[in-house]
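Below is one structure; the comments refer to it alone.
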Amino acid sequence: MWICPQCRRAFARQDQAHFCARPQTIEDYIACQDAAVQPRLREVRAILRAALPQAQERISWAMPTYWKGRNLIHFAASKKHLGLYPGGEATAAFAEELKGFDVSKGAIRLPYEKELPAELIARIARWCLEAYGT
Ligand SMILES: [Zn+2]
């Protein structure tokens, strides 16, 4: 898979020709991704919406973002994984539970072939709301 550096869309082929535009909503963002990963993106969106009903959905840093007073958590499609970006304070707070996951600099890489840790994602999202939300 290849990620366009301009619009952050993921494609099966390197340098895939496409209408390169920044999606304005999370639904647009998901619709622009490779069909194979869209169900996974919808799954994480449903988890985050349920965990953060008070947050607004928006695109920030070209990524789907949950916002309440400030950015709480982002997610993004990457080549082989779904990236979840709760920030370094969150990954530090959950370090014990995130053992066995690929974590660096506030990012958690969740491989597409593995089941999403839905309950853990929801708890991390709520932690972000408590820690960062206003
Ligand atoms: Zn593009």
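Residues in the structure tokens are numbered from 1 in each chain, the chains being A, B, ... in the order shown, and ligands are numbered from 1 in the order shown.
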Kindly work out which residues sit at most 10 Å from ligand 1, using only C-alpha atoms and all ligand atoms, and give the list as a PDB file with C-alpha atoms, in the first residue's frame.
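So out_38.pdb came out as:
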ATOM      1  CA  ILE A   3       0.159   6.700   1.220  1.00  0.00           C
ATOM      2  CA  CYS A   4      -0.048   9.901  -0.831  1.00  0.00           C
ATOM      3  CA  PRO A   5       2.050  12.474   1.045  1.00  0.00           C
ATOM      4  CA  GLN A   6      -0.308  15.273  -0.001  1.00  0.00           C
ATOM      5  CA  CYS A   7      -3.726  13.976   0.964  1.00  0.00           C
ATOM      6  CA  ARG A   8      -2.705  11.015   3.178  1.00  0.00           C
ATOM      7  CA  ARG A   9      -4.936   8.628   1.228  1.00  0.00           C
ATOM      8  CA  ALA A  10      -3.784   5.022   1.087  1.00  0.00           C
ATOM      9  CA  PHE A  11      -3.624   3.203  -2.244  1.00  0.00           C
ATOM     10  CA  ASP A  15       2.027   6.737  -7.124  1.00  0.00           C
ATOM     11  CA  GLN A  16      -1.581   5.878  -7.890  1.00  0.00           C
ATOM     12  CA  ALA A  17      -3.187   8.666  -9.944  1.00  0.00           C
ATOM     13  CA  HIS A  18      -6.094  10.199  -8.048  1.00  0.00           C
ATOM     14  CA  PHE A  19      -7.948  13.397  -7.369  1.00  0.00           C
ATOM     15  CA  CYS A  20      -5.770  14.703  -4.602  1.00  0.00           C
ATOM     16  CA  ALA A  21      -7.820  16.653  -2.109  1.00  0.00           C
ATOM     17  CA  ARG A  22      -7.860  16.868   1.628  1.00  0.00           C
ATOM     18  CA  CYS A  32     -11.081   7.917   0.253  1.00  0.00           C
TER      19      CYS A  32
END
| request: Write out as a PyMOL selection string the residues lying within 12 Å of Arg126 (chain A), counting only C-alpha atoms and excluding same-chain residues fewer than 2 positions away. | output: chain A and resi 47-55+66+68+72-73+86+90+119-124+128-133
| query | So, counting only C-alpha atoms, which residue among A:Ile108, A:Ala77, A:Val44, A:Ala118 is closest to Thr91 (chain A)? | reply |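 Checking each candidate against Thr91 (chain A), we get A:Ile108 as the closest.
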| task | Please give the complete set of residues from chain A that DSSP, run on the backbone, assigns to strand (DSSP E or B), formatted as an MDAnalysis selection string. | result | chainID A and resid 2:3 10:11 56:60 63:67 71:77 81:85 102:104 107:111
Let's have the selection written as an mmCIF file, in the first residue's frame, with N, CA and C atoms.
data_model
loop_
_atom_site.group_PDB
_atom_site.id
_atom_site.type_symbol
_atom_site.label_atom_id
_atom_site.label_comp_id
_atom_site.auth_asym_id
_atom_site.auth_seq_id
_atom_site.Cartn_x
_atom_site.Cartn_y
_atom_site.Cartn_z
ATOM 1 N N TRP A 2 0.374 2.303 -0.594
ATOM 2 C CA TRP A 2 1.143 3.546 -0.686
ATOM 3 C C TRP A 2 0.280 4.692 -0.138
ATOM 4 N N ILE A 3 0.886 5.561 0.659
ATOM 5 C CA ILE A 3 0.159 6.700 1.220
ATOM 6 C C ILE A 3 0.585 7.955 0.461
ATOM 7 N N ALA A 10 -4.553 6.254 1.286
ATOM 8 C CA ALA A 10 -3.784 5.022 1.087
ATOM 9 C C ALA A 10 -4.259 4.344 -0.193
ATOM 10 N N PHE A 11 -3.311 3.893 -0.992
ATOM 11 C CA PHE A 11 -3.624 3.203 -2.244
ATOM 12 C C PHE A 11 -2.849 1.908 -2.339
ATOM 13 N N GLN A 56 -16.324 16.378 19.324
ATOM 14 C CA GLN A 56 -16.641 16.653 17.922
ATOM 15 C C GLN A 56 -15.710 15.843 17.044
ATOM 16 N N GLU A 57 -16.248 15.383 15.914
ATOM 17 C CA GLU A 57 -15.407 14.741 14.903
ATOM 18 C C GLU A 57 -14.945 15.805 13.926
ATOM 19 N N ARG A 58 -13.684 15.798 13.600
ATOM 20 C CA ARG A 58 -13.151 16.725 12.610
ATOM 21 C C ARG A 58 -11.888 16.131 11.998
ATOM 22 N N ILE A 59 -11.396 16.823 10.973
ATOM 23 C CA ILE A 59 -10.106 16.449 10.401
ATOM 24 C C ILE A 59 -9.081 17.451 10.911
ATOM 25 N N SER A 60 -8.017 16.948 11.508
ATOM 26 C CA SER A 60 -6.952 17.802 11.992
ATOM 27 C C SER A 60 -5.633 17.090 11.715
ATOM 28 N N MET A 63 -5.907 14.042 9.651
ATOM 29 C CA MET A 63 -6.339 12.764 10.225
ATOM 30 C C MET A 63 -7.706 12.922 10.878
ATOM 31 N N PRO A 64 -8.503 11.846 10.872
ATOM 32 C CA PRO A 64 -9.728 11.865 11.681
ATOM 33 C C PRO A 64 -9.369 12.141 13.138
ATOM 34 N N THR A 65 -10.118 13.069 13.723
ATOM 35 C CA THR A 65 -9.757 13.603 15.039
ATOM 36 C C THR A 65 -10.994 13.754 15.900
ATOM 37 N N TYR A 66 -10.837 13.480 17.177
ATOM 38 C CA TYR A 66 -11.889 13.745 18.165
ATOM 39 C C TYR A 66 -11.431 14.936 18.988
ATOM 40 N N TRP A 67 -12.312 15.927 19.075
ATOM 41 C CA TRP A 67 -11.940 17.232 19.603
ATOM 42 C C TRP A 67 -12.915 17.672 20.689
ATOM 43 N N ASN A 71 -7.543 18.878 20.538
ATOM 44 C CA ASN A 71 -7.518 17.532 19.953
ATOM 45 C C ASN A 71 -7.302 16.504 21.063
ATOM 46 N N LEU A 72 -8.161 15.477 21.065
ATOM 47 C CA LEU A 72 -8.054 14.427 22.077
ATOM 48 C C LEU A 72 -7.291 13.225 21.550
ATOM 49 N N ILE A 73 -7.683 12.796 20.364
ATOM 50 C CA ILE A 73 -7.103 11.563 19.805
ATOM 51 C C ILE A 73 -7.338 11.572 18.297
ATOM 52 N N HIS A 74 -6.383 11.065 17.556
ATOM 53 C CA HIS A 74 -6.497 10.938 16.099
ATOM 54 C C HIS A 74 -6.376 9.462 15.724
ATOM 55 N N PHE A 75 -6.883 9.143 14.526
ATOM 56 C CA PHE A 75 -6.517 7.854 13.940
ATOM 57 C C PHE A 75 -6.229 8.077 12.466
ATOM 58 N N ALA A 76 -5.555 7.131 11.858
ATOM 59 C CA ALA A 76 -5.215 7.264 10.440
ATOM 60 C C ALA A 76 -4.921 5.894 9.854
ATOM 61 N N ALA A 77 -5.209 5.780 8.561
ATOM 62 C CA ALA A 77 -4.874 4.555 7.829
ATOM 63 C C ALA A 77 -3.421 4.633 7.409
ATOM 64 N N HIS A 81 -1.110 -0.925 8.939
ATOM 65 C CA HIS A 81 -1.744 -0.816 10.245
ATOM 66 C C HIS A 81 -2.648 0.412 10.304
ATOM 67 N N LEU A 82 -3.496 0.379 11.292
ATOM 68 C CA LEU A 82 -4.265 1.552 11.666
ATOM 69 C C LEU A 82 -3.463 2.266 12.744
ATOM 70 N N GLY A 83 -3.193 3.543 12.539
ATOM 71 C CA GLY A 83 -2.479 4.315 13.546
ATOM 72 C C GLY A 83 -3.477 4.981 14.478
ATOM 73 N N LEU A 84 -3.233 4.854 15.771
ATOM 74 C CA LEU A 84 -4.044 5.542 16.771
ATOM 75 C C LEU A 84 -3.093 6.495 17.483
ATOM 76 N N TYR A 85 -3.475 7.760 17.592
ATOM 77 C CA TYR A 85 -2.569 8.791 18.098
ATOM 78 C C TYR A 85 -3.154 9.492 19.320
ATOM 79 N N ASP A 102 2.813 -2.269 19.087
ATOM 80 C CA ASP A 102 3.869 -1.453 18.495
ATOM 81 C C ASP A 102 3.551 0.012 18.817
ATOM 82 N N VAL A 103 4.277 0.569 19.773
ATOM 83 C CA VAL A 103 3.996 1.918 20.272
ATOM 84 C C VAL A 103 5.255 2.765 20.167
ATOM 85 N N SER A 104 5.099 3.991 19.643
ATOM 86 C CA SER A 104 6.221 4.934 19.713
ATOM 87 C C SER A 104 5.720 6.359 19.614
ATOM 88 N N ALA A 107 2.104 7.176 19.426
ATOM 89 C CA ALA A 107 1.336 6.477 18.387
ATOM 90 C C ALA A 107 1.263 4.991 18.714
ATOM 91 N N ILE A 108 0.104 4.398 18.418
ATOM 92 C CA ILE A 108 -0.079 2.953 18.583
ATOM 93 C C ILE A 108 -0.411 2.397 17.208
ATOM 94 N N ARG A 109 0.397 1.454 16.742
ATOM 95 C CA ARG A 109 0.159 0.863 15.424
ATOM 96 C C ARG A 109 -0.575 -0.445 15.587
ATOM 97 N N LEU A 110 -1.782 -0.520 15.041
ATOM 98 C CA LEU A 110 -2.631 -1.692 15.185
ATOM 99 C C LEU A 110 -2.715 -2.396 13.827
ATOM 100 N N PRO A 111 -2.040 -3.529 13.685
ATOM 101 C CA PRO A 111 -2.008 -4.219 12.388
ATOM 102 C C PRO A 111 -3.417 -4.600 11.931
#
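For the residues A:Arg13, A:Lys114, A:Ala46, A:Trp61, ranking by smallest atom-to-atom distance to Glu27 (chain A) using only C-alpha atoms places A:Ala46 first.
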| Secondary structure check, helix (DSSP H, G or I) residues of chain A, as number ranges by chain | A: 26-31, 35-51, 88-93, 118-132
| task | Using only C-alpha atoms, pick whichever of A:Ala125, A:Val37, A:Ala62, A:Ala12 has the shortest atom-to-atom distance to Phe94 (chain A). | result |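 Among A:Ala125, A:Val37, A:Ala62, A:Ala12, it is A:Ala125 that comes nearest to Phe94 (chain A).
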| query | From the set A:Leu98, A:Met1, A:Ala36, A:Ala93, which residue has the shortest atom-to-atom contact distance to Trp127 (chain A), counting only C-alpha atoms? | reply |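 Result for the nearest residue to Trp127 (chain A): A:Ala93.
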| request: Mind giving me the straight-line distance from CA of Gln24 (chain A) to CA of Lys105 (chain A) in Å, one decimal? | output: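 Separating CA of Gln24 (chain A) from CA of Lys105 (chain A) is a distance of 25.9 Å.
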| task | Give the answer as one residue: which of A:Tyr112, A:Glu96, A:Gln14, A:Phe101 has the shortest atom-to-atom distance to Gln38 (chain A), using only C-alpha atoms? | result |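 Ranked by minimum distance to Gln38 (chain A), first place goes to A:Tyr112.
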| request: Point out the residue among A:Glu43, A:Ile30, A:Pro117, A:Gly69 with the least atom-to-atom distance to Glu97 (chain A), counting only C-alpha atoms. | output: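 Result for the nearest residue to Glu97 (chain A): A:Pro117.
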